[in-house]
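Chemist: Contents of query.txt (compact mmCIF, C-alpha atoms):
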```txt
# COMPACT_ATOMS: atom_id res chain seq x y z
CA MET N 238 235.07 210.98 312.32
CA ALA N 239 235.50 214.69 311.70
CA GLY N 240 231.78 215.26 312.20
CA GLU N 241 231.84 213.85 315.73
CA ALA N 242 234.89 215.99 316.53
CA THR N 243 233.16 219.10 315.22
CA ILE N 244 230.09 218.36 317.32
CA ALA N 245 232.22 217.88 320.44
CA VAL N 246 233.89 221.27 319.97
CA ARG N 247 230.87 223.24 318.77
CA SER N 248 228.59 221.87 321.48
CA GLN N 249 230.83 223.45 324.14
CA ALA N 250 230.54 226.95 322.68
CA SER N 251 228.79 229.32 325.06
CA GLU N 252 229.18 232.93 323.93
CA PHE N 253 228.17 232.79 320.27
CA ASP N 254 225.15 234.66 318.89
CA VAL N 255 224.22 231.75 316.59
CA GLU N 256 222.84 228.35 317.54
CA LEU N 257 222.37 225.47 315.11
CA PHE N 258 219.61 223.08 316.18
CA CYS N 259 220.64 219.90 314.44
CA GLY N 260 220.52 216.12 314.19
CA TRP N 261 223.86 214.50 313.40
CA PHE N 262 222.23 211.91 311.11
CA CYS N 263 219.89 214.23 309.16
CA PRO N 264 220.90 215.10 305.56
CA PHE N 265 218.71 218.21 305.55
CA ALA N 266 220.26 219.50 308.77
CA GLN N 267 223.70 218.79 307.34
CA ARG N 268 223.02 221.38 304.65
CA ALA N 269 222.75 224.20 307.20
CA TRP N 270 225.71 222.78 309.11
CA ILE N 271 227.90 222.83 305.99
CA ALA N 272 226.80 226.39 305.15
CA LEU N 273 227.84 227.66 308.58
CA GLU N 274 231.21 225.96 308.31
CA GLU N 275 231.77 227.19 304.75
CA CYS N 276 231.01 230.81 305.64
CA GLY N 277 233.17 230.69 308.77
CA VAL N 278 230.33 231.47 311.19
CA PRO N 279 231.00 231.00 314.93
CA TYR N 280 228.07 228.96 316.23
CA LYS N 281 226.95 226.62 318.97
CA TYR N 282 225.85 223.14 317.92
CA VAL N 283 222.71 221.87 319.69
CA GLU N 284 221.78 218.20 319.17
CA CYS N 285 218.00 217.74 319.21
CA GLU N 286 216.10 214.69 320.41
CA MET N 287 213.52 213.93 317.73
CA TYR N 288 212.71 210.24 318.05
CA GLU N 289 211.60 207.69 320.61
CA GLY N 290 214.52 205.78 322.05
CA SER N 291 217.49 206.06 319.71
CA ALA N 292 217.39 208.09 316.52
CA SER N 293 217.46 204.88 314.47
CA THR N 294 213.82 204.09 315.35
CA LYS N 295 212.63 207.05 313.19
CA ARG N 296 209.47 207.20 315.34
CA PRO N 297 209.00 210.91 316.12
CA LEU N 298 208.41 212.26 319.58
CA PRO N 299 205.22 214.34 319.97
CA LEU N 300 205.78 218.05 319.51
CA GLU N 301 204.93 218.79 323.15
CA GLU N 302 207.55 216.28 324.31
CA LYS N 303 210.11 217.94 322.04
CA ARG N 304 209.14 221.30 323.57
CA ARG N 305 209.51 219.90 327.08
CA ARG N 306 213.02 218.65 326.28
CA ASN N 307 214.19 221.76 324.39
CA ALA N 308 211.89 224.78 324.38
CA ASP N 309 214.50 226.96 322.67
CA TRP N 310 214.51 224.65 319.66
CA ILE N 311 210.72 224.65 319.25
CA ALA N 312 210.65 228.42 319.65
CA VAL N 313 212.54 228.75 316.36
CA SER N 314 211.23 225.57 314.68
CA PRO N 315 207.44 225.40 315.20
CA ARG N 316 207.10 221.93 313.63
CA GLY N 317 209.90 220.49 315.71
CA LEU N 318 212.18 219.67 312.78
CA VAL N 319 215.85 220.26 312.03
CA PRO N 320 217.70 222.24 310.94
CA ALA N 321 216.84 225.49 312.66
CA LEU N 322 218.96 228.53 313.46
CA ARG N 323 218.75 231.08 316.21
CA HIS N 324 220.57 234.28 315.31
CA GLY N 325 220.03 236.82 318.04
CA ALA N 326 216.28 237.39 318.13
CA ALA N 327 215.76 235.80 314.70
CA GLY N 328 214.64 232.21 314.18
CA VAL N 329 215.12 230.42 310.86
CA PHE N 330 214.01 226.93 309.83
CA GLU N 331 213.75 224.71 306.72
CA SER N 332 217.05 223.58 305.24
CA LEU N 333 217.16 225.62 302.04
CA VAL N 334 215.99 228.74 303.85
CA CYS N 335 218.76 228.24 306.41
CA VAL N 336 221.38 227.90 303.66
CA GLU N 337 220.18 231.08 301.96
CA TYR N 338 220.03 232.94 305.28
CA VAL N 339 223.60 231.99 306.13
CA ASP N 340 224.72 233.13 302.69
CA GLU N 341 222.85 236.44 302.90
CA VAL N 342 224.16 237.30 306.37
CA TRP N 343 227.70 235.91 306.28
CA GLY N 344 228.50 235.05 302.67
CA ALA N 345 230.01 238.35 301.53
CA SER N 346 233.52 236.93 301.11
CA ARG N 347 232.52 233.31 300.45
CA THR N 348 229.11 233.42 298.79
CA LEU N 349 227.18 230.23 298.13
CA LEU N 350 225.16 231.84 295.35
CA PRO N 351 227.35 232.93 292.41
CA GLY N 352 227.30 236.51 291.17
CA GLY N 353 225.86 236.07 287.66
CA PRO N 354 222.09 235.70 287.15
CA ALA N 355 222.55 232.74 284.79
CA ASP N 356 224.68 230.80 287.27
CA ARG N 357 222.32 231.62 290.13
CA ALA N 358 219.39 230.37 288.05
CA LYS N 359 221.28 227.17 287.25
CA VAL N 360 222.06 226.59 290.92
CA ARG N 361 218.44 227.15 291.99
CA ALA N 362 217.00 224.96 289.24
CA SER N 363 219.48 222.19 290.02
CA ILE N 364 218.68 222.35 293.73
CA SER N 365 215.02 221.83 292.80
CA TYR N 366 216.10 218.80 290.79
CA VAL N 367 217.80 217.32 293.84
CA SER N 368 214.61 217.87 295.84
CA ASP N 369 212.46 216.24 293.17
CA LYS N 370 214.67 213.41 291.90
CA ILE N 371 217.33 212.56 294.48
CA CYS N 372 215.78 212.97 297.92
CA PRO N 373 212.51 211.06 297.37
CA PHE N 374 214.09 208.18 295.48
CA TYR N 375 216.75 207.81 298.15
CA TYR N 376 214.05 207.19 300.74
CA LYS N 377 211.96 205.04 298.38
CA SER N 378 214.97 202.87 297.56
CA LEU N 379 215.71 202.43 301.23
CA MET N 380 212.17 201.86 302.46
CA ALA N 381 210.65 199.74 299.69
CA GLN N 382 210.00 196.24 301.00
CA VAL N 383 208.88 194.91 297.61
CA GLU N 384 211.75 194.11 295.26
CA ALA N 385 210.04 195.54 292.15
CA GLU N 386 209.38 198.88 293.86
CA ARG N 387 212.93 198.97 295.17
CA SER N 388 214.43 198.28 291.74
CA THR N 389 212.31 201.00 290.14
CA ALA N 390 213.39 203.54 292.76
CA LEU N 391 217.07 202.61 292.45
CA ALA N 392 216.87 202.96 288.67
CA ALA N 393 215.27 206.40 289.01
CA LEU N 394 217.99 207.44 291.44
CA LEU N 395 220.73 206.34 289.06
CA GLU N 396 219.02 208.20 286.21
CA ALA N 397 219.00 211.36 288.32
CA PHE N 398 222.69 211.09 289.16
CA THR N 399 223.43 210.52 285.46
CA ALA N 400 221.60 213.75 284.61
CA ILE N 401 223.54 215.65 287.28
CA ASP N 402 226.81 214.27 285.92
CA ALA N 403 225.90 215.62 282.48
CA ALA N 404 224.86 219.03 283.86
CA MET N 405 228.14 219.74 285.65
CA ALA N 406 230.59 222.26 284.23
CA PRO N 407 233.57 220.76 282.35
CA LEU N 408 236.15 219.36 284.75
CA GLU N 409 239.00 221.40 283.29
CA GLY N 410 237.32 224.50 284.77
CA GLY N 411 237.26 223.07 288.30
CA PRO N 412 235.79 220.10 290.17
CA PHE N 413 232.58 221.57 291.60
CA PHE N 414 229.16 221.78 289.98
CA LEU N 415 229.93 225.20 288.48
CA GLY N 416 233.61 224.41 287.99
CA ALA N 417 235.94 226.39 290.22
CA THR N 418 233.11 227.92 292.28
CA PHE N 419 231.78 226.01 295.28
CA SER N 420 228.06 226.81 295.51
CA ALA N 421 224.82 226.10 297.34
CA PHE N 422 224.18 223.24 294.93
CA ASP N 423 227.28 221.42 296.21
CA VAL N 424 226.09 222.05 299.77
CA VAL N 425 222.64 220.64 299.02
CA LEU N 426 223.66 217.58 297.00
CA TRP N 427 226.46 216.31 299.24
CA PRO N 428 224.42 215.01 302.23
CA HIS N 429 222.23 212.76 300.08
CA TYR N 430 225.12 211.74 297.83
CA GLN N 431 226.98 210.72 300.99
CA ARG N 432 224.04 208.59 302.16
CA CYS N 433 223.49 207.04 298.74
CA THR N 434 227.11 205.90 298.64
CA THR N 435 227.17 204.65 302.23
CA VAL N 436 223.70 203.75 303.55
CA LEU N 437 222.23 202.66 300.20
CA ALA N 438 225.47 200.99 299.17
CA GLU N 439 225.41 198.91 302.35
CA ARG N 440 221.69 198.19 302.59
CA ARG N 441 220.61 198.13 298.92
CA GLN N 442 223.90 197.53 297.04
CA PHE N 443 223.58 200.85 295.22
CA ALA N 444 226.66 202.13 293.39
CA ILE N 445 227.54 205.11 291.22
CA PRO N 446 228.98 203.52 288.04
CA PRO N 447 232.58 204.37 287.06
CA SER N 448 231.27 205.81 283.79
CA LEU N 449 229.99 208.89 285.66
CA THR N 450 233.52 210.28 285.80
CA ARG N 451 232.47 213.90 286.28
CA LEU N 452 230.34 213.04 289.30
CA HIS N 453 233.16 210.99 290.83
CA ALA N 454 235.58 213.91 290.35
CA TRP N 455 233.05 216.18 292.04
CA ALA N 456 232.72 213.79 294.99
CA ASP N 457 236.49 213.43 295.39
CA ALA N 458 236.93 217.20 295.63
CA THR N 459 233.78 217.97 297.60
CA GLY N 460 234.33 215.29 300.22
CA VAL N 461 237.66 216.75 301.32
CA ARG N 462 236.60 220.39 301.34
CA PRO N 463 237.01 221.52 304.97
CA SER N 464 233.40 222.66 305.40
CA ILE N 465 232.14 219.29 304.14
CA ALA N 466 234.70 217.13 305.93
CA ALA N 467 233.84 218.83 309.23
CA THR N 468 230.28 217.45 309.00
CA ILE N 469 230.95 213.85 307.88
CA VAL N 470 230.09 211.42 310.66
CA ASP N 471 231.23 207.82 311.05
CA LYS N 472 230.00 205.64 308.17
CA ASP N 473 229.02 202.61 310.25
CA ARG N 474 227.14 204.80 312.69
CA LEU N 475 225.24 206.43 309.83
CA VAL N 476 224.35 203.09 308.23
CA ALA N 477 223.07 201.75 311.55
CA ASN N 478 220.97 204.87 312.08
CA TYR N 479 218.82 204.12 309.03
CA ALA N 480 217.65 200.70 310.26
CA GLY N 481 214.10 201.99 310.81
CA TYR N 482 213.81 203.03 307.17
CA ALA N 483 215.36 199.85 305.84
CA ASP N 484 213.01 197.53 307.76
CA GLY N 485 209.91 199.64 307.08
CA THR N 486 209.13 200.58 310.69
CA ALA N 487 209.93 204.32 310.44
CA THR N 488 207.14 206.86 310.91
CA SER N 489 209.12 210.07 310.38
CA ASP N 490 207.96 212.83 308.01
CA ALA N 491 210.12 211.36 305.24
CA ALA N 492 208.64 207.91 305.84
CA LYS N 493 205.10 209.30 305.73
CA GLN N 494 205.87 211.09 302.47
CA TYR N 495 207.19 207.86 300.98
CA THR N 496 204.07 205.94 302.08
CA SER N 497 201.85 208.68 300.66
CA ASP N 498 203.63 208.54 297.30
CA VAL N 499 203.24 204.78 297.08
CA THR N 500 199.56 204.96 298.05
CA ARG N 501 198.87 207.56 295.35
CA ALA N 502 200.69 205.47 292.75
CA ALA N 503 198.73 202.36 293.69
CA ALA N 504 195.42 204.25 293.42
CA ALA N 505 196.20 205.81 290.03
CA PRO N 506 194.20 204.57 287.00
CA GLY N 507 195.78 201.57 285.32
CA LYS N 508 197.97 200.72 288.31
```
Take the structure in this file and express it as structure tokens.
Modeler:
Amino acid sequence: MAGEATIAVRSQASEFDVELFCGWFCPFAQRAWIALEECGVPYKYVECEMYEGSASTKRPLPLEEKRRRNADWIAVSPRGLVPALRHGAAGVFESLVCVEYVDEVWGASRTLLPGGPADRAKVRASISYVSDKICPFYYKSLMAQVEAERSTALAALLEAFTAIDAAMAPLEGGPFFLGATFSAFDVVLWPHYQRCTTVLAERRQFAIPPSLTRLHAWADATGVRPSIAATIVDKDRLVANYAGYADGTATSDAAKQYTSDVTRAAAAPGK
């Protein structure tokens, strides 16, 4: 439970110029959290209350209630979402923007975006692929209450992981996406990979097949990297947190996006 230990320590910080407004369960917030750890940034961790009751309900609190509970958070995150960063007078929100901001400000000696234009382009394009093909199908696989829809989403997710496996640099050059260089792509993929192999494995029997050897090698190396390990929370706690998605009662932004996608598909000609 390295993640819980990190939260306990970072939440007590009082003199740092950086605050991370976070949710321990949120894969998007974990991206910013990993970036701060990777770049060695001193920061204070601030856990944000986003949902009614426990976080597992996935029923969002109204924005005004979020502001009442933590005005500093809403001051830097106008939509009341995580992650968000406060750095002095600056406020930064949206996960990919936070990762890039951390890299631009503190990544001089440990950059998350590689030096060459070709590698940077590959990282950015591959991050877009995660956004388009991994994130939505994770939620669809988890939330689908109809077996046919669930099977389709799981198949699409496996296809996406297969494509990522093929796109990784040869293993002899190093275990990460680009080989020896740990990059923003590794930061972005890990949180959803972690949930696919824990939450989806438990609730939807999803598994990465042994044939994807390059992806497994990546996961073995990435999961023990200190910046990643420091953000990994207890597996059982994480699985329990996603109950609202699994039983179809969630009304979070991700849940609404999933419902919207399904509605559009059902309304399309020939469907």
Chemist: Excluding range 347-360 of chain N and residues on its chain fewer than 6 positions from it, collect all residues at most 6 Å away from it, counting only C-alpha atoms, and give them as a PyMOL selection string.
Modeler: chain N and resi 276+340+420-422
Chemist: Taking 4 positions as the minimum chain separation for residues in the same chain, which residues sit within 12 Å of Ala312 in chain N when counting all atoms listed in the file? Answer as an mmCIF file with C-alpha atoms, keeping the file's coordinate frame.
Modeler:
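Output (selection-v1.cif):
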```cif
data_model
loop_
_atom_site.group_PDB
_atom_site.id
_atom_site.type_symbol
_atom_site.label_atom_id
_atom_site.label_comp_id
_atom_site.auth_asym_id
_atom_site.auth_seq_id
_atom_site.Cartn_x
_atom_site.Cartn_y
_atom_site.Cartn_z
ATOM 1 C CA PHE N 258 219.610 223.080 316.180
ATOM 2 C CA LEU N 300 205.780 218.050 319.510
ATOM 3 C CA GLU N 301 204.930 218.790 323.150
ATOM 4 C CA LYS N 303 210.110 217.940 322.040
ATOM 5 C CA ARG N 304 209.140 221.300 323.570
ATOM 6 C CA ARG N 305 209.510 219.900 327.080
ATOM 7 C CA ASN N 307 214.190 221.760 324.390
ATOM 8 C CA ALA N 308 211.890 224.780 324.380
ATOM 9 C CA ARG N 316 207.100 221.930 313.630
ATOM 10 C CA GLY N 317 209.900 220.490 315.710
ATOM 11 C CA LEU N 318 212.180 219.670 312.780
ATOM 12 C CA ALA N 321 216.840 225.490 312.660
ATOM 13 C CA LEU N 322 218.960 228.530 313.460
ATOM 14 C CA ARG N 323 218.750 231.080 316.210
ATOM 15 C CA ALA N 326 216.280 237.390 318.130
ATOM 16 C CA ALA N 327 215.760 235.800 314.700
ATOM 17 C CA GLY N 328 214.640 232.210 314.180
ATOM 18 C CA VAL N 329 215.120 230.420 310.860
ATOM 19 C CA PHE N 330 214.010 226.930 309.830
#
```
Chemist: Which is closer to Ser248 in chain N than all the others in N:Tyr280, N:Tyr338, N:Phe414, N:Ser363, using only C-alpha atoms?
Modeler: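 Selected residue with least distance to Ser248 in chain N: N:Tyr280.
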Chemist: Between N:Ala345, N:Val424, N:Thr294, N:Asp369, which residue has the minimum interatomic distance to Thr468 in chain N, considering only C-alpha atoms?
Modeler: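 Of the candidates, the smallest distance to Thr468 in chain N is held by N:Val424.
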Chemist: Rank N:Gly290, N:Gly416, N:Pro320, N:Gly481 by their smallest atom-to-atom distance to Leu333 in chain N, using all atoms listed in the file, and report the top residue only.
Modeler: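 Checking each candidate against Leu333 in chain N, we get N:Pro320 as the closest.
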Chemist: Just how far from CA of Val470 in chain N is CA of Phe253 in chain N, in Å to one decimal?
Modeler: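 A separation of 23.5 Å between them.
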Chemist: Would you mind reading off the distance between CA of Arg387 in chain N and CA of Asp457 in chain N, one decimal, in Å?
Modeler: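 Taking CA of Arg387 in chain N and CA of Asp457 in chain N, their separation equals 27.6 Å.
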Chemist: With distances taken over all atoms listed in the file, which residue among N:Met287, N:Ala491, N:Ala403, N:Ile271 lies nearest Glu302 in chain N?
Modeler: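 Counting all atoms listed in the file, the residue closest to Glu302 in chain N is N:Met287.
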Chemist: Could you put an axis-aligned box around every listed atom of range 377-391 of chain N, padded by 4 Å on each side, and send me its centre and edge lengths in Å to one decimal, as lines of an AutoDock Vina configuration file?
Modeler:
```
center_x = 213.0
center_y = 199.6
center_z = 296.3
size_x = 16.2
size_y = 18.9
size_z = 20.3
```
Chemist: Kindly give the distance, in Å, that separates CA of Cys372 in chain N and CA of Trp455 in chain N, rounded to a single decimal.
Modeler: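 Separation of CA of Cys372 in chain N and CA of Trp455 in chain N: 18.5 Å.
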Chemist: Just checking: using only C-alpha atoms, which residue out of N:Cys285, N:Ala292, N:Ala417, N:Leu391 ends up closest to Phe443 in chain N?
Modeler: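 Of all the options, N:Leu391 lies closest to Phe443 in chain N.
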Chemist: Which residue, N:Arg247, N:Phe262, N:Leu273, N:Pro299, has the smallest gap to Pro463 in chain N when you use only C-alpha atoms?
Modeler: N:Leu273
